[in-house]
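Novice: Before I ask anything, here is the structure I am working with.
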Amino acid sequence: MSDHPRTLVIEHAKIRTSPDTPLIDPGAILVQEGQIVEVGGHVDAPSTVPVVDARGGVVVAGFWNSHVHFTEPRWRSAKTQRHEELERSLADMLTSRGFTSAVDLGSDPRVVFPLRRRVATGELLGPDLYVGGTGLFPPHGIPYYLRDSIPWYVRWLVPQPRTPGAATRYVAQNQARGSDVLKLFTGSYVERRKVVPMPAPIARAAASAAHARGQLVFAHSSNLEGTIIARDAGVDVLAHAPSDTEGVDRPLLQSLVGSRMAMIPTLKMFGTTVTRNPAYLGPIYDVLRGFRDLGGELWFGTDVGYMTDYSTEGEFEALHEAGLDAREILRMLTITPARRISRVPNAGSITPGVAADLVILEGDPFEDIGAFARVRTTIGRGRVLWSGSEGTSRSRPAVPSSEK
Ligand SMILES: [Zn+2]
């Protein structure tokens with residue numbers, strides 16, 4: 001329960017308060033009642049405040065994973081399961097990777113709403129959750145990777161509205177359950193090489209219903225047509241880079257940037273679940289670079305839950321290989337998503353008055369990109385959510401091909 005203190009002082013740390021400010025070395029951070037109170041070379045903390053010695057580590061703002069799912073069997077009892085067991089699962093997937101916030105883009109409502117509530121009340125140590133709940137698919141648009149293996153307990157996954165009115169009703173149902181965001185499949189891979197688009201009036205109706213409640217809309221767009229439908233519907237975030245890049249040219253990318261659409265690349269997912277073939281990955285990397293060069297907003301996400309390999313190294317390596325530097329990656333992980341979606345004002349940097357979401361890394365990612373994945377301690381709203389001494393596994397085997 002909530003006997004974990006929300007007041008602590010981090011000492012002997014190197015601190016990157018934001019991606020664009022110089023390193024403080026050495027520095028200290030005072031956290032009181034879950035909020036950052038003071039940051040600097042030295043802070044005046046009462047002697048009763050617990051000390052976290054961050055010697056040798058680098059402190060950055062808590063990470064955002066903006067594309068996750070809680071669909072695996074381990075979450076099925078999330079409503080009633082003992083918090084220790086759930087915390088192990090949350091650590092494995094998220095908090096041991098530095099994530100203090102996560103955006104669910106389609107999970108069983110009976111799992112994800114209780115999870116969000118139990119974290120929010122402080123009963124459960126976990127990341128702050130933003131819930132998409134049930135995603136919307138095109139008519140006859142269930143993706144091939146769900147269709148063949150869809151168990152009864154994920155049938156909620158498949159609303160396929162045939163009219164704008166039906167789409168609006170699905171969104172309203174989702175909102176009545178308490179959703180935070182909306183996920184649309186504006187282009188759905190019904191076969192490996194066949195994308196079914198969501199009819200544009202249905203996408204527009206769904207997105208408008210979400211925007212009317214101040215919700216952001218995420219889309220799995222897949223190809224050119226799905227991306228245009230997403231753009232024209234006013235979608236805010238592409239949940240993946242388009243993987244069929246044919247026709248995705250500079251003017252199209254320019255129009256996405258112009259409509260302030262953000263993109264979550266999910267490069268490791270493509271390389272793991274589809275193919276590592278450079279003929280496939282190269283054009284996706286080109287789209288990412290082109291979008292970035294035009295000023296497009298990038299968010300970090302890994303599609304864990306769909307991906308059973310939770311480790312983050314591969315995504316950091318792929319982003320770096322695609323040409324992004326540590327500063328850009330730290331923006332994707334923190335301030336860029338936080339300022340668009342966070343419920344907490346001014347989140348995403350280490351600043352007095354802001355919620356104390358912090359990660360202590362073993363090393364400086366500005367010197368070695370791999371340090372983003374070497375998490376020592378994760379602090380959410382001033383509580384230690386996870387600490388390396390607990391020995392959570394760092395990587396698990398990739399999804400077997402039969403389960404994709
Ligand atoms: Zn996904």
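Following the order of the structure tokens, chains are lettered A, B, ..., residues in each are numbered from 1, and ligands are numbered from 1.
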Identify, with DSSP run on backbone atoms, the residues in range 161-347 of chain A assigned to strand (DSSP E or B), and express the list as a ChimeraX atom specification.
Specialist: /A:182-184,187-191,194-197,217-219,237-238,262-263,297-298,304,307
Novice: I'd like the contact shell of Thr377 in chain A - 7 Å cut-off, only C-alpha atoms, skipping same-chain residues fewer than 5 positions apart - returned as a ChimeraX atom specification.
Specialist: /A:359-360,386-388
Novice: Please report as JSON lines every residue of chain A lying within 10 Å of ligand 1, along with the nearest atom pair and their distance in Å (one decimal), using only C-alpha atoms and all ligand atoms.
Specialist:
{"residue": "A:Ser66", "atom": "CA", "partner": "ligand 1", "partner_atom_place_in_ligand_line": "1 (Zn)", "distance": 9.9}
{"residue": "A:His67", "atom": "CA", "partner": "ligand 1", "partner_atom_place_in_ligand_line": "1 (Zn)", "distance": 6.1}
{"residue": "A:Val68", "atom": "CA", "partner": "ligand 1", "partner_atom_place_in_ligand_line": "1 (Zn)", "distance": 6.2}
{"residue": "A:His69", "atom": "CA", "partner": "ligand 1", "partner_atom_place_in_ligand_line": "1 (Zn)", "distance": 6.5}
{"residue": "A:Asp104", "atom": "CA", "partner": "ligand 1", "partner_atom_place_in_ligand_line": "1 (Zn)", "distance": 8.5}
{"residue": "A:Leu105", "atom": "CA", "partner": "ligand 1", "partner_atom_place_in_ligand_line": "1 (Zn)", "distance": 6.1}
{"residue": "A:Gly106", "atom": "CA", "partner": "ligand 1", "partner_atom_place_in_ligand_line": "1 (Zn)", "distance": 7.2}
{"residue": "A:Ser107", "atom": "CA", "partner": "ligand 1", "partner_atom_place_in_ligand_line": "1 (Zn)", "distance": 9.5}
{"residue": "A:Lys183", "atom": "CA", "partner": "ligand 1", "partner_atom_place_in_ligand_line": "1 (Zn)", "distance": 9.5}
{"residue": "A:Ala219", "atom": "CA", "partner": "ligand 1", "partner_atom_place_in_ligand_line": "1 (Zn)", "distance": 9.9}
{"residue": "A:His220", "atom": "CA", "partner": "ligand 1", "partner_atom_place_in_ligand_line": "1 (Zn)", "distance": 8.0}
{"residue": "A:Ala239", "atom": "CA", "partner": "ligand 1", "partner_atom_place_in_ligand_line": "1 (Zn)", "distance": 7.2}
{"residue": "A:His240", "atom": "CA", "partner": "ligand 1", "partner_atom_place_in_ligand_line": "1 (Zn)", "distance": 8.2}
{"residue": "A:Thr266", "atom": "CA", "partner": "ligand 1", "partner_atom_place_in_ligand_line": "1 (Zn)", "distance": 9.1}
{"residue": "A:Met269", "atom": "CA", "partner": "ligand 1", "partner_atom_place_in_ligand_line": "1 (Zn)", "distance": 9.4}
{"residue": "A:Gly301", "atom": "CA", "partner": "ligand 1", "partner_atom_place_in_ligand_line": "1 (Zn)", "distance": 9.2}
{"residue": "A:Thr302", "atom": "CA", "partner": "ligand 1", "partner_atom_place_in_ligand_line": "1 (Zn)", "distance": 8.2}
{"residue": "A:Asp303", "atom": "CA", "partner": "ligand 1", "partner_atom_place_in_ligand_line": "1 (Zn)", "distance": 4.7}
{"residue": "A:Val304", "atom": "CA", "partner": "ligand 1", "partner_atom_place_in_ligand_line": "1 (Zn)", "distance": 7.4}
{"residue": "A:Gly305", "atom": "CA", "partner": "ligand 1", "partner_atom_place_in_ligand_line": "1 (Zn)", "distance": 7.7}
{"residue": "A:Tyr306", "atom": "CA", "partner": "ligand 1", "partner_atom_place_in_ligand_line": "1 (Zn)", "distance": 6.0}
{"residue": "A:Met307", "atom": "CA", "partner": "ligand 1", "partner_atom_place_in_ligand_line": "1 (Zn)", "distance": 8.4}
Novice: Let me see the file: selected residues, N, CA and C atoms, as a PDB file, in the first residue's frame.
Specialist:
ATOM      1  N   SER A  66       4.608   5.344 -25.273  1.00  0.00           N
ATOM      2  CA  SER A  66       3.331   5.809 -25.816  1.00  0.00           C
ATOM      3  C   SER A  66       2.632   4.775 -26.684  1.00  0.00           C
ATOM      4  N   HIS A  67       3.081   3.516 -26.624  1.00  0.00           N
ATOM      5  CA  HIS A  67       2.391   2.449 -27.360  1.00  0.00           C
ATOM      6  C   HIS A  67       2.585   1.130 -26.621  1.00  0.00           C
ATOM      7  N   VAL A  68       1.605   0.779 -25.785  1.00  0.00           N
ATOM      8  CA  VAL A  68       1.668  -0.484 -25.047  1.00  0.00           C
ATOM      9  C   VAL A  68       0.287  -1.158 -25.095  1.00  0.00           C
ATOM     10  N   HIS A  69       0.264  -2.450 -24.736  1.00  0.00           N
ATOM     11  CA  HIS A  69      -0.994  -3.200 -24.616  1.00  0.00           C
ATOM     12  C   HIS A  69      -0.914  -4.087 -23.373  1.00  0.00           C
ATOM     13  N   ASP A 104      -1.886   3.099 -23.285  1.00  0.00           N
ATOM     14  CA  ASP A 104      -2.456   1.837 -23.753  1.00  0.00           C
ATOM     15  C   ASP A 104      -3.205   2.099 -25.055  1.00  0.00           C
ATOM     16  N   LEU A 105      -2.834   1.360 -26.099  1.00  0.00           N
ATOM     17  CA  LEU A 105      -3.499   1.560 -27.394  1.00  0.00           C
ATOM     18  C   LEU A 105      -4.331   0.346 -27.787  1.00  0.00           C
ATOM     19  N   GLY A 106      -5.124  -0.152 -26.838  1.00  0.00           N
ATOM     20  CA  GLY A 106      -6.025  -1.246 -27.154  1.00  0.00           C
ATOM     21  C   GLY A 106      -5.772  -2.431 -26.246  1.00  0.00           C
ATOM     22  N   SER A 107      -6.614  -2.572 -25.226  1.00  0.00           N
ATOM     23  CA  SER A 107      -6.507  -3.679 -24.270  1.00  0.00           C
ATOM     24  C   SER A 107      -7.897  -3.959 -23.745  1.00  0.00           C
ATOM     25  N   LYS A 183      -8.001   4.846 -30.258  1.00  0.00           N
ATOM     26  CA  LYS A 183      -7.145   4.177 -31.237  1.00  0.00           C
ATOM     27  C   LYS A 183      -8.000   3.752 -32.429  1.00  0.00           C
ATOM     28  N   ALA A 219      -3.595   6.482 -34.544  1.00  0.00           N
ATOM     29  CA  ALA A 219      -4.006   5.633 -35.660  1.00  0.00           C
ATOM     30  C   ALA A 219      -2.900   4.682 -36.077  1.00  0.00           C
ATOM     31  N   HIS A 220      -3.336   3.442 -36.386  1.00  0.00           N
ATOM     32  CA  HIS A 220      -2.475   2.477 -37.059  1.00  0.00           C
ATOM     33  C   HIS A 220      -2.821   2.640 -38.541  1.00  0.00           C
ATOM     34  N   ALA A 239       0.472   5.593 -34.585  1.00  0.00           N
ATOM     35  CA  ALA A 239       0.937   4.625 -33.597  1.00  0.00           C
ATOM     36  C   ALA A 239       2.159   3.850 -34.077  1.00  0.00           C
ATOM     37  N   HIS A 240       2.392   3.864 -35.394  1.00  0.00           N
ATOM     38  CA  HIS A 240       3.586   3.280 -36.020  1.00  0.00           C
ATOM     39  C   HIS A 240       3.962   4.188 -37.186  1.00  0.00           C
ATOM     40  N   THR A 266       8.227   2.749 -33.630  1.00  0.00           N
ATOM     41  CA  THR A 266       8.203   1.297 -33.332  1.00  0.00           C
ATOM     42  C   THR A 266       9.096   0.481 -34.277  1.00  0.00           C
ATOM     43  N   MET A 269       9.823  -3.284 -33.402  1.00  0.00           N
ATOM     44  CA  MET A 269       8.686  -4.168 -33.682  1.00  0.00           C
ATOM     45  C   MET A 269       8.720  -4.619 -35.144  1.00  0.00           C
ATOM     46  N   GLY A 301       7.773   4.661 -28.400  1.00  0.00           N
ATOM     47  CA  GLY A 301       6.848   3.584 -28.054  1.00  0.00           C
ATOM     48  C   GLY A 301       7.374   2.279 -28.611  1.00  0.00           C
ATOM     49  N   THR A 302       7.025   1.165 -27.955  1.00  0.00           N
ATOM     50  CA  THR A 302       7.602  -0.114 -28.375  1.00  0.00           C
ATOM     51  C   THR A 302       6.563  -1.179 -28.733  1.00  0.00           C
ATOM     52  N   ASP A 303       5.270  -0.900 -28.488  1.00  0.00           N
ATOM     53  CA  ASP A 303       4.241  -1.907 -28.780  1.00  0.00           C
ATOM     54  C   ASP A 303       4.406  -3.163 -27.919  1.00  0.00           C
ATOM     55  N   VAL A 304       4.909  -2.972 -26.677  1.00  0.00           N
ATOM     56  CA  VAL A 304       4.989  -4.135 -25.772  1.00  0.00           C
ATOM     57  C   VAL A 304       3.582  -4.585 -25.403  1.00  0.00           C
ATOM     58  N   GLY A 305       3.467  -5.867 -25.132  1.00  0.00           N
ATOM     59  CA  GLY A 305       2.143  -6.456 -24.943  1.00  0.00           C
ATOM     60  C   GLY A 305       1.806  -7.207 -26.224  1.00  0.00           C
ATOM     61  N   TYR A 306       1.921  -6.529 -27.356  1.00  0.00           N
ATOM     62  CA  TYR A 306       1.930  -7.232 -28.642  1.00  0.00           C
ATOM     63  C   TYR A 306       3.298  -7.900 -28.797  1.00  0.00           C
ATOM     64  N   MET A 307       4.358  -7.110 -28.573  1.00  0.00           N
ATOM     65  CA  MET A 307       5.722  -7.654 -28.515  1.00  0.00           C
ATOM     66  C   MET A 307       5.913  -8.292 -27.135  1.00  0.00           C
TER      67      MET A 307
END
Novice: Give me the residues within 8 Å of range 5-21 of chain A as a VMD selection string, counting only C-alpha atoms and dropping any in the same chain fewer than 2 places off.
Specialist: chain A and resid 2 to 3 23 to 34 45 49 to 61 327 to 328 330 to 331 335 348 to 351 381 to 383
Novice: Take the residues just selected and output them with C-alpha atoms as a PDB file, in the first residue's frame.
Specialist:
ATOM      1  CA  SER A   2       1.066   3.615   0.147  1.00  0.00           C
ATOM      2  CA  ASP A   3       3.708   3.300   2.839  1.00  0.00           C
ATOM      3  CA  LEU A  23      24.391  18.555 -17.435  1.00  0.00           C
ATOM      4  CA  ILE A  24      24.410  19.416 -13.710  1.00  0.00           C
ATOM      5  CA  ASP A  25      27.376  17.553 -12.201  1.00  0.00           C
ATOM      6  CA  PRO A  26      27.251  16.865  -9.339  1.00  0.00           C
ATOM      7  CA  GLY A  27      23.688  17.704  -8.437  1.00  0.00           C
ATOM      8  CA  ALA A  28      20.806  16.954  -6.117  1.00  0.00           C
ATOM      9  CA  ILE A  29      17.014  16.856  -6.335  1.00  0.00           C
ATOM     10  CA  LEU A  30      14.644  17.374  -3.417  1.00  0.00           C
ATOM     11  CA  VAL A  31      11.232  15.737  -3.750  1.00  0.00           C
ATOM     12  CA  GLN A  32       8.417  16.441  -1.299  1.00  0.00           C
ATOM     13  CA  GLU A  33       4.932  14.928  -1.388  1.00  0.00           C
ATOM     14  CA  GLY A  34       5.527  13.642  -4.899  1.00  0.00           C
ATOM     15  CA  ALA A  45      16.978  18.734   2.696  1.00  0.00           C
ATOM     16  CA  VAL A  49      14.349  12.878   4.419  1.00  0.00           C
ATOM     17  CA  PRO A  50      15.400   9.496   2.916  1.00  0.00           C
ATOM     18  CA  VAL A  51      18.468   9.770   0.681  1.00  0.00           C
ATOM     19  CA  VAL A  52      18.885   8.061  -2.681  1.00  0.00           C
ATOM     20  CA  ASP A  53      22.598   8.009  -3.476  1.00  0.00           C
ATOM     21  CA  ALA A  54      22.840   8.298  -7.264  1.00  0.00           C
ATOM     22  CA  ARG A  55      26.648   8.215  -7.422  1.00  0.00           C
ATOM     23  CA  GLY A  56      27.809   7.166 -10.884  1.00  0.00           C
ATOM     24  CA  GLY A  57      24.311   7.524 -12.304  1.00  0.00           C
ATOM     25  CA  VAL A  58      22.596  10.059 -14.513  1.00  0.00           C
ATOM     26  CA  VAL A  59      19.107  11.319 -13.626  1.00  0.00           C
ATOM     27  CA  VAL A  60      16.617  12.203 -16.372  1.00  0.00           C
ATOM     28  CA  ALA A  61      12.862  12.772 -16.390  1.00  0.00           C
ATOM     29  CA  ARG A 327      18.980  14.502 -27.389  1.00  0.00           C
ATOM     30  CA  GLU A 328      16.241  13.689 -29.892  1.00  0.00           C
ATOM     31  CA  LEU A 330      15.347  11.881 -24.805  1.00  0.00           C
ATOM     32  CA  ARG A 331      12.785  14.363 -26.179  1.00  0.00           C
ATOM     33  CA  ILE A 335       8.980  16.264 -22.945  1.00  0.00           C
ATOM     34  CA  GLY A 348       8.420  15.868 -18.912  1.00  0.00           C
ATOM     35  CA  SER A 349      11.363  17.671 -17.332  1.00  0.00           C
ATOM     36  CA  ILE A 350      13.073  17.937 -13.948  1.00  0.00           C
ATOM     37  CA  THR A 351      11.689  21.269 -12.806  1.00  0.00           C
ATOM     38  CA  ARG A 381       5.265  10.789  -8.380  1.00  0.00           C
ATOM     39  CA  GLY A 382       8.007  10.681  -5.753  1.00  0.00           C
ATOM     40  CA  ARG A 383       7.780   6.936  -5.002  1.00  0.00           C
TER      41      ARG A 383
END
Novice: Could you name the residues that touch Val217 in chain A at 8 Å or less, counting only C-alpha atoms, but leaving out those on the same chain fewer than 2 positions away, as number ranges by chain?
Specialist: A: 181-184, 207, 210-211, 215, 219, 234-237
Novice: Just the selected residues (all heavy atoms), exported as an mmCIF file, in the first residue's frame, please.
Specialist:
data_model
loop_
_atom_site.group_PDB
_atom_site.id
_atom_site.type_symbol
_atom_site.label_atom_id
_atom_site.label_comp_id
_atom_site.auth_asym_id
_atom_site.auth_seq_id
_atom_site.Cartn_x
_atom_site.Cartn_y
_atom_site.Cartn_z
ATOM 1 N N VAL A 181 -7.830 8.132 -24.445
ATOM 2 C CA VAL A 181 -7.458 8.383 -25.840
ATOM 3 C C VAL A 181 -8.264 7.428 -26.720
ATOM 4 O O VAL A 181 -8.941 6.523 -26.224
ATOM 5 C CB VAL A 181 -5.929 8.161 -26.093
ATOM 6 C CG1 VAL A 181 -5.102 9.078 -25.208
ATOM 7 C CG2 VAL A 181 -5.538 6.705 -25.886
ATOM 8 N N LEU A 182 -8.167 7.629 -28.042
ATOM 9 C CA LEU A 182 -8.849 6.748 -28.993
ATOM 10 C C LEU A 182 -7.831 6.148 -29.957
ATOM 11 O O LEU A 182 -6.923 6.837 -30.422
ATOM 12 C CB LEU A 182 -9.892 7.548 -29.789
ATOM 13 C CG LEU A 182 -10.604 6.785 -30.920
ATOM 14 C CD1 LEU A 182 -11.471 5.658 -30.366
ATOM 15 C CD2 LEU A 182 -11.461 7.742 -31.770
ATOM 16 N N LYS A 183 -8.001 4.846 -30.258
ATOM 17 C CA LYS A 183 -7.145 4.177 -31.237
ATOM 18 C C LYS A 183 -8.000 3.752 -32.429
ATOM 19 O O LYS A 183 -9.000 3.056 -32.263
ATOM 20 C CB LYS A 183 -6.497 2.942 -30.593
ATOM 21 C CG LYS A 183 -5.832 1.954 -31.558
ATOM 22 C CD LYS A 183 -4.466 2.435 -32.022
ATOM 23 C CE LYS A 183 -3.766 1.415 -32.922
ATOM 24 N NZ LYS A 183 -3.268 0.223 -32.232
ATOM 25 N N LEU A 184 -7.579 4.169 -33.625
ATOM 26 C CA LEU A 184 -8.261 3.795 -34.865
ATOM 27 C C LEU A 184 -7.315 2.999 -35.750
ATOM 28 O O LEU A 184 -6.131 3.329 -35.843
ATOM 29 C CB LEU A 184 -8.671 5.051 -35.652
ATOM 30 C CG LEU A 184 -9.628 6.036 -35.018
ATOM 31 C CD1 LEU A 184 -9.846 7.221 -35.968
ATOM 32 C CD2 LEU A 184 -10.953 5.360 -34.700
ATOM 33 N N ALA A 207 -12.957 10.324 -34.798
ATOM 34 C CA ALA A 207 -11.961 11.295 -34.314
ATOM 35 C C ALA A 207 -12.654 12.528 -33.734
ATOM 36 O O ALA A 207 -12.238 13.052 -32.696
ATOM 37 C CB ALA A 207 -11.014 11.692 -35.448
ATOM 38 N N ALA A 210 -13.896 11.880 -30.276
ATOM 39 C CA ALA A 210 -12.808 11.905 -29.290
ATOM 40 C C ALA A 210 -12.371 13.341 -29.011
ATOM 41 O O ALA A 210 -12.217 13.749 -27.853
ATOM 42 C CB ALA A 210 -11.621 11.074 -29.793
ATOM 43 N N HIS A 211 -12.179 14.108 -30.083
ATOM 44 C CA HIS A 211 -11.713 15.495 -29.903
ATOM 45 C C HIS A 211 -12.727 16.330 -29.122
ATOM 46 O O HIS A 211 -12.347 17.224 -28.362
ATOM 47 C CB HIS A 211 -11.449 16.130 -31.270
ATOM 48 C CG HIS A 211 -10.195 15.606 -31.922
ATOM 49 N ND1 HIS A 211 -10.003 15.606 -33.280
ATOM 50 C CD2 HIS A 211 -9.077 15.059 -31.385
ATOM 51 C CE1 HIS A 211 -8.814 15.088 -33.553
ATOM 52 N NE2 HIS A 211 -8.235 14.741 -32.425
ATOM 53 N N GLN A 215 -9.867 14.343 -26.202
ATOM 54 C CA GLN A 215 -8.988 13.169 -26.269
ATOM 55 C C GLN A 215 -8.127 13.192 -27.523
ATOM 56 O O GLN A 215 -8.585 13.601 -28.589
ATOM 57 C CB GLN A 215 -9.839 11.896 -26.288
ATOM 58 C CG GLN A 215 -10.671 11.720 -25.037
ATOM 59 C CD GLN A 215 -11.444 10.419 -25.042
ATOM 60 O OE1 GLN A 215 -11.811 9.901 -26.095
ATOM 61 N NE2 GLN A 215 -11.694 9.891 -23.859
ATOM 62 N N ALA A 219 -3.595 6.482 -34.544
ATOM 63 C CA ALA A 219 -4.006 5.633 -35.660
ATOM 64 C C ALA A 219 -2.900 4.682 -36.077
ATOM 65 O O ALA A 219 -1.719 5.032 -36.096
ATOM 66 C CB ALA A 219 -4.417 6.481 -36.862
ATOM 67 N N GLY A 234 -8.017 14.147 -38.865
ATOM 68 C CA GLY A 234 -7.481 14.928 -37.753
ATOM 69 C C GLY A 234 -6.801 14.097 -36.687
ATOM 70 O O GLY A 234 -6.696 14.517 -35.528
ATOM 71 N N VAL A 235 -6.338 12.903 -37.068
ATOM 72 C CA VAL A 235 -5.614 12.042 -36.117
ATOM 73 C C VAL A 235 -4.393 12.783 -35.577
ATOM 74 O O VAL A 235 -3.717 13.515 -36.311
ATOM 75 C CB VAL A 235 -5.214 10.720 -36.817
ATOM 76 C CG1 VAL A 235 -4.134 9.984 -36.034
ATOM 77 C CG2 VAL A 235 -6.451 9.831 -36.997
ATOM 78 N N ASP A 236 -4.107 12.596 -34.286
ATOM 79 C CA ASP A 236 -3.022 13.329 -33.643
ATOM 80 C C ASP A 236 -1.693 12.593 -33.666
ATOM 81 O O ASP A 236 -0.634 13.222 -33.718
ATOM 82 C CB ASP A 236 -3.397 13.602 -32.178
ATOM 83 C CG ASP A 236 -4.700 14.372 -32.074
ATOM 84 O OD1 ASP A 236 -4.677 15.583 -32.340
ATOM 85 O OD2 ASP A 236 -5.747 13.751 -31.781
ATOM 86 N N VAL A 237 -1.730 11.248 -33.590
ATOM 87 C CA VAL A 237 -0.488 10.487 -33.458
ATOM 88 C C VAL A 237 -0.569 9.216 -34.302
ATOM 89 O O VAL A 237 -1.542 8.451 -34.179
ATOM 90 C CB VAL A 237 -0.245 10.059 -31.981
ATOM 91 C CG1 VAL A 237 1.126 9.405 -31.830
ATOM 92 C CG2 VAL A 237 -0.377 11.243 -31.024
#
Novice: From the options A:Arg213, A:Arg192, A:Arg204, A:Arg110, which residue's atoms come nearest to Ala172 in chain A, counting only C-alpha atoms?
Specialist: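 Answer, going by the shortest atom-to-atom distance: A:Arg213.
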